[in-house]
Amino acid sequence: MKVSANIIDILNSIIYPGIIDIQNGRIAAIARNNESYDTFVLPGFVDAHVHIESSMLTPSEFARLAVMHGTVATVSDPHEIANVLGMNGVKFMIENGKSVPFKFHFGASPCVPATAFETAGASLGQSEIETLLQNNEIKYLSEMMNFPGVIGGDPDVMAKIEIAKKYGKPIDGHAPGLRGEALKRYISAGISTDHETFQYDEGEEKLSLGMKLLLREGSAAKNFDTLNHLIAKYPEQCMLCSDDKHPDDLVAGHINDLVKRSVIMGIDRMIILKCACVNPVLHYGLNVGLLRVGDDADFIEVDNLSSFNVLKTYIKGRIVAENGKALLPRVAANHINNFKTEIQAAGEFAIKARGNKIRIIEAINHQVITGSVEAILKQKNGYVAPDIERDILKITVVNRYENLPPAIGLVKNFGLKTGAIASSVSHDSHNIVAVGVTDEDICNAINLVIEHKGGLAVSYDNIREVLPLPIAGLMSDEDGFTVARQYSRIDRIAKQLGSHLDAPFMTLSFMALLVIPKLKLSDRGLFDGERFEFVDVFEG
């Protein structure tokens, strides 16, 4: 096979007309010529940090959507399913990913569970981490979320870091807001990247200390506009990632969208393409071609260098997408799961008053971080009542691995005026999380999730709807376009109930993420992410 086009050599920052000769999936030769071509060929895009499970799609189905946008590879942390099913979950992701010609590169997740303050379905200890890192298919130690453990020299945390160093594999970071001496200690332990940066000065400090920054633009957490001006100053140290991408957003676009936006912003094309295509390959040692003789023939063909409309996507010389259509096969997947809790009763979600002033989680649109506020709430018959006028609602986390009483708190900024939403996608332990106006609707939404052994659900006015996620309570077995339509519908309903969040279900999924400040809720209670300890719902 031969492909003729204008060839974008990102490594040398040049563009020239030529012919690529592909033999046995590799580039056998590249011949320059003086012809005039209308199209351009460049290395494929790489998502430098993503949790495939957050798309609610299996790896094979994620690939079918991603290739349409010119993505040929991902750096994928499987810790979502690892928190549910341990090593069996990681193996599922690897094997399903192998069923299609897409280049998934999975990591070994060191924080399973993410903390000792929540209930997960499994754990990955030092022996499991070593088993994974011995495998050449496992390219890195996934995000080290326990940054207090790194800074404090926790023996288990440091042992996992040493295992990664032993096998010469990079270590991903996770350090939202970390600055100063604490940041220096974190980096000196061997942490090489961070994708949780949300402030410009914070990002510049991390880059100046030698860290590599993964600029994130996901469905809920959107940090690209804040951080993009760092790209021109640190072109060798920046990469692009989505982290968590819902299916409707993945249908619309992927890393290609960030490249387009960057060009509009005036960022040099070669620099942004280096971040999108080259830097992840070099940092993680990925098996992805960069348009060199001898490389795998992994590249994309686009119509121009402004909008970068993808005409064809090639992986190992095979055309896997053409003119907006994926050419990868649908692959059946086993319904592996871990779901043991029983149907709940509405009375379980009452909060008996033990004071007047209450700590409240403050959800923030487009952010994984939360605020912490205090308020005096109404009481009814000795129980705390939500305050719709002030947008303060009940939030609960139900343990899905054991039949135990739920944890209950209050949350601000979800905007619901009626009804409730619930989800078994609840980072990182993936218990059931729900927000709602009445105990009855909260209970109904949660029971929908339990009945389907996982899913996203809404309950309102005696109406119940659910998007089933039968694979680990995280992923659907449907095709990507169907899941995107199902998700768009349930997302729309949540907004019709009053939510003003751009991605209410994605934001909901982060309300139990204890490793991100400030205030969160685990299945064991309200948690202060700055002090790293439980706190009472009632202040004083």
# chains A, B, ... in the order shown; residues from 1 in each chain; ligands from 1
>>> residues_around(residues="Phe104 in chain A", least_positions_apart="3", cutoff="12 Å", atoms="only C-alpha atoms", output="PyMOL selection string")
chain A and resi 46-52+58-60+62-63+66+71-78+93-101+107+137-139+286-288+315
>>> residues_around(residues="Lys453 in chain A", least_positions_apart="5", cutoff="7 Å", atoms="only C-alpha atoms", output="list in words")
Phe339, Pro470 and Gly473 of chain A
>>> closest_atom_pairs(of="range 479-527 of chain A", to="range 176-195 of chain A", cutoff="9 Å", atoms="only C-alpha atoms", output="Markdown table")
| residue | atom | partner | partner_atom | distance |
| --- | --- | --- | --- | --- |
| A:Val515 | CA | A:Pro176 | CA | 9.0 |
| A:Ile516 | CA | A:Pro176 | CA | 6.9 |
| A:Pro517 | CA | A:Pro176 | CA | 8.0 |
>>> closest_residue(among="A:Val302, A:Ile442, A:Leu207, A:Leu393", to="Ser423 in chain A", atoms="only C-alpha atoms")
A:Ile442
>>> closest_residue(among="A:Ala346, A:Leu65, A:Ile271, A:Leu124", to="Asn12 in chain A", atoms="only C-alpha atoms")
A:Ile271
>>> residues_around(residues="range 241-251 of chain A", least_positions_apart="3", cutoff="10 Å", atoms="only C-alpha atoms", output="PyMOL selection string")
chain A and resi 46-57+62+64-66+68-69+74-77+195-196+213-224+254-255+258+275-276+280+480-488+491+503+505-506
>>> write_last_selection(atoms="C-alpha atoms", output="tab-separated table (two decimals), in the first residue's frame")
chain	number	residue	atom	x	y	z
A	46	VAL	CA	-2.89	10.03	21.60
A	47	ASP	CA	-5.01	10.59	24.71
A	48	ALA	CA	-2.27	10.81	27.35
A	49	HIS	CA	-4.49	9.90	30.30
A	50	VAL	CA	-7.96	8.40	30.19
A	51	HIS	CA	-10.17	6.06	32.16
A	52	ILE	CA	-11.92	4.12	29.41
A	53	GLU	CA	-14.59	3.00	31.88
A	54	SER	CA	-15.82	6.58	32.30
A	55	SER	CA	-17.05	6.51	28.71
A	56	MET	CA	-19.42	3.74	29.87
A	57	LEU	CA	-18.09	1.76	26.91
A	62	PHE	CA	-14.40	3.19	22.91
A	64	ARG	CA	-14.73	2.51	17.46
A	65	LEU	CA	-15.64	6.09	18.41
A	66	ALA	CA	-12.10	7.37	19.03
A	68	MET	CA	-13.27	8.49	13.86
A	69	HIS	CA	-11.53	11.50	15.40
A	74	THR	CA	-4.49	5.89	24.67
A	75	VAL	CA	-2.59	5.84	27.92
A	76	SER	CA	-5.31	4.14	29.96
A	77	ASP	CA	-5.54	3.81	33.72
A	195	HIS	CA	-3.22	15.83	35.15
A	196	GLU	CA	-5.09	17.37	38.11
A	213	LEU	CA	1.73	18.41	32.52
A	214	LEU	CA	-1.25	16.61	31.01
A	215	LEU	CA	-3.71	19.32	30.05
A	216	ARG	CA	-7.16	17.91	30.76
A	217	GLU	CA	-10.44	18.55	28.99
A	218	GLY	CA	-13.01	15.95	29.99
A	219	SER	CA	-16.77	15.89	30.28
A	220	ALA	CA	-16.78	17.48	33.75
A	221	ALA	CA	-13.24	18.66	34.52
A	222	LYS	CA	-12.17	21.26	31.97
A	223	ASN	CA	-8.77	22.83	32.57
A	224	PHE	CA	-7.49	23.44	29.04
A	254	HIS	CA	-11.70	13.79	21.18
A	255	ILE	CA	-8.09	15.07	21.17
A	258	LEU	CA	-8.17	20.42	21.46
A	275	CYS	CA	1.75	17.65	22.48
A	276	ALA	CA	-1.07	15.68	20.83
A	280	PRO	CA	3.04	10.82	25.02
A	480	GLY	CA	-21.19	3.47	21.40
A	481	PHE	CA	-23.81	5.43	19.47
A	482	THR	CA	-26.66	3.72	21.32
A	483	VAL	CA	-25.04	4.41	24.70
A	484	ALA	CA	-24.45	8.02	23.66
A	485	ARG	CA	-28.15	8.42	22.83
A	486	GLN	CA	-29.20	6.75	26.10
A	487	TYR	CA	-26.84	8.94	28.06
A	488	SER	CA	-27.96	12.12	26.27
A	491	ASP	CA	-28.60	13.75	31.03
A	503	ALA	CA	-22.53	17.18	33.08
A	505	PHE	CA	-23.89	12.67	36.21
A	506	MET	CA	-20.16	13.17	35.73
>>> closest_residue(among="A:Gly419, A:Gly210, A:Gly289, A:Gly203", to="Asn444 in chain A", atoms="only C-alpha atoms")
A:Gly419
>>> residues_around(residues="Thr341 in chain A", least_positions_apart="2", cutoff="10 Å", atoms="only C-alpha atoms", output="PyMOL selection string")
chain A and resi 338-339+343-344+398-404+431-432+447+450-451+453
>>> select_by_dssp(residues="range 43-115 of chain A", states="strand (DSSP E)", output="ChimeraX atom specification")
/A:43,45-50,71-76,103-106
>>> write_last_selection(atoms="N, CA and C atoms", output="PDB file, in the first residue's frame")
ATOM      1  N   PRO A  43       1.118  11.905  12.282  1.00  0.00           N
ATOM      2  CA  PRO A  43       0.935  10.836  13.266  1.00  0.00           C
ATOM      3  C   PRO A  43      -0.425  10.949  13.942  1.00  0.00           C
ATOM      4  N   PHE A  45      -3.425  10.877  16.853  1.00  0.00           N
ATOM      5  CA  PHE A  45      -3.544  11.514  18.155  1.00  0.00           C
ATOM      6  C   PHE A  45      -3.499  10.469  19.272  1.00  0.00           C
ATOM      7  N   VAL A  46      -2.990  10.906  20.428  1.00  0.00           N
ATOM      8  CA  VAL A  46      -2.886  10.034  21.599  1.00  0.00           C
ATOM      9  C   VAL A  46      -3.522  10.734  22.794  1.00  0.00           C
ATOM     10  N   ASP A  47      -4.457  10.084  23.451  1.00  0.00           N
ATOM     11  CA  ASP A  47      -5.010  10.586  24.715  1.00  0.00           C
ATOM     12  C   ASP A  47      -4.049  10.146  25.810  1.00  0.00           C
ATOM     13  N   ALA A  48      -3.366  11.123  26.445  1.00  0.00           N
ATOM     14  CA  ALA A  48      -2.266  10.811  27.351  1.00  0.00           C
ATOM     15  C   ALA A  48      -2.709  10.357  28.736  1.00  0.00           C
ATOM     16  N   HIS A  49      -3.990  10.445  29.029  1.00  0.00           N
ATOM     17  CA  HIS A  49      -4.489   9.905  30.300  1.00  0.00           C
ATOM     18  C   HIS A  49      -6.011   9.809  30.226  1.00  0.00           C
ATOM     19  N   VAL A  50      -6.511   8.585  30.267  1.00  0.00           N
ATOM     20  CA  VAL A  50      -7.963   8.403  30.194  1.00  0.00           C
ATOM     21  C   VAL A  50      -8.369   7.142  30.938  1.00  0.00           C
ATOM     22  N   THR A  71      -7.831   9.443  16.755  1.00  0.00           N
ATOM     23  CA  THR A  71      -7.088   8.889  17.884  1.00  0.00           C
ATOM     24  C   THR A  71      -6.671   7.462  17.551  1.00  0.00           C
ATOM     25  N   VAL A  72      -5.382   7.171  17.732  1.00  0.00           N
ATOM     26  CA  VAL A  72      -4.883   5.823  17.430  1.00  0.00           C
ATOM     27  C   VAL A  72      -4.441   5.081  18.690  1.00  0.00           C
ATOM     28  N   ALA A  73      -4.314   5.828  19.810  1.00  0.00           N
ATOM     29  CA  ALA A  73      -3.790   5.197  21.018  1.00  0.00           C
ATOM     30  C   ALA A  73      -4.235   5.962  22.255  1.00  0.00           C
ATOM     31  N   THR A  74      -4.220   5.257  23.377  1.00  0.00           N
ATOM     32  CA  THR A  74      -4.494   5.892  24.665  1.00  0.00           C
ATOM     33  C   THR A  74      -3.477   5.410  25.698  1.00  0.00           C
ATOM     34  N   VAL A  75      -3.273   6.246  26.700  1.00  0.00           N
ATOM     35  CA  VAL A  75      -2.591   5.844  27.924  1.00  0.00           C
ATOM     36  C   VAL A  75      -3.714   5.684  28.940  1.00  0.00           C
ATOM     37  N   SER A  76      -4.059   4.442  29.264  1.00  0.00           N
ATOM     38  CA  SER A  76      -5.311   4.141  29.958  1.00  0.00           C
ATOM     39  C   SER A  76      -5.058   3.594  31.356  1.00  0.00           C
ATOM     40  N   LYS A 103      -4.511   0.923  19.777  1.00  0.00           N
ATOM     41  CA  LYS A 103      -3.364   0.773  20.672  1.00  0.00           C
ATOM     42  C   LYS A 103      -3.662   1.309  22.079  1.00  0.00           C
ATOM     43  N   PHE A 104      -4.242   0.432  22.893  1.00  0.00           N
ATOM     44  CA  PHE A 104      -4.439   0.733  24.304  1.00  0.00           C
ATOM     45  C   PHE A 104      -3.147   0.437  25.047  1.00  0.00           C
ATOM     46  N   HIS A 105      -2.766   1.322  25.957  1.00  0.00           N
ATOM     47  CA  HIS A 105      -1.594   1.096  26.794  1.00  0.00           C
ATOM     48  C   HIS A 105      -2.031   1.267  28.243  1.00  0.00           C
ATOM     49  N   PHE A 106      -2.213   0.152  28.917  1.00  0.00           N
ATOM     50  CA  PHE A 106      -2.738   0.187  30.279  1.00  0.00           C
ATOM     51  C   PHE A 106      -1.618   0.306  31.304  1.00  0.00           C
TER      52      PHE A 106
END
>>> atom_distance(atom1="CA of Asp172 in chain A", atom2="CA of Met239 in chain A")
12.8 Å
>>> closest_residue(among="A:Ser127, A:Ser307, A:Ser13, A:Thr115", to="Asn83 in chain A", atoms="only C-alpha atoms")
A:Thr115
>>> closest_residue(among="A:Ile361, A:Asn323, A:Gly294, A:Arg330", to="Asp479 in chain A", atoms="only C-alpha atoms")
A:Arg330
>>> closest_residue(among="A:Gly498, A:Gly285, A:Pro17, A:Gly455", to="Pro170 in chain A", atoms="only C-alpha atoms")
A:Gly285
>>> residues_around(residues="Glu130 in chain A", least_positions_apart="2", cutoff="8 Å", atoms="only C-alpha atoms", output="PyMOL selection string")
chain A and resi 126-128+132-134+160+163-164
>>> write_last_selection(atoms="C-alpha atoms", output="PDB file, in the first residue's frame")
ATOM      1  CA  GLN A 126       2.506  -4.797  46.079  1.00  0.00           C
ATOM      2  CA  SER A 127       2.524  -8.317  44.644  1.00  0.00           C
ATOM      3  CA  GLU A 128      -0.243  -7.509  42.160  1.00  0.00           C
ATOM      4  CA  LEU A 132       1.434  -6.164  36.301  1.00  0.00           C
ATOM      5  CA  LEU A 133       4.630  -4.162  35.844  1.00  0.00           C
ATOM      6  CA  GLN A 134       6.559  -7.308  34.864  1.00  0.00           C
ATOM      7  CA  LYS A 160       4.999   0.474  44.777  1.00  0.00           C
ATOM      8  CA  ILE A 163       8.702  -1.476  41.924  1.00  0.00           C
ATOM      9  CA  ALA A 164       8.014   0.878  38.999  1.00  0.00           C
TER      10      ALA A 164
END
>>> atom_distance(atom1="CA of Leu42 in chain A", atom2="CA of Ile7 in chain A")
6.3 Å
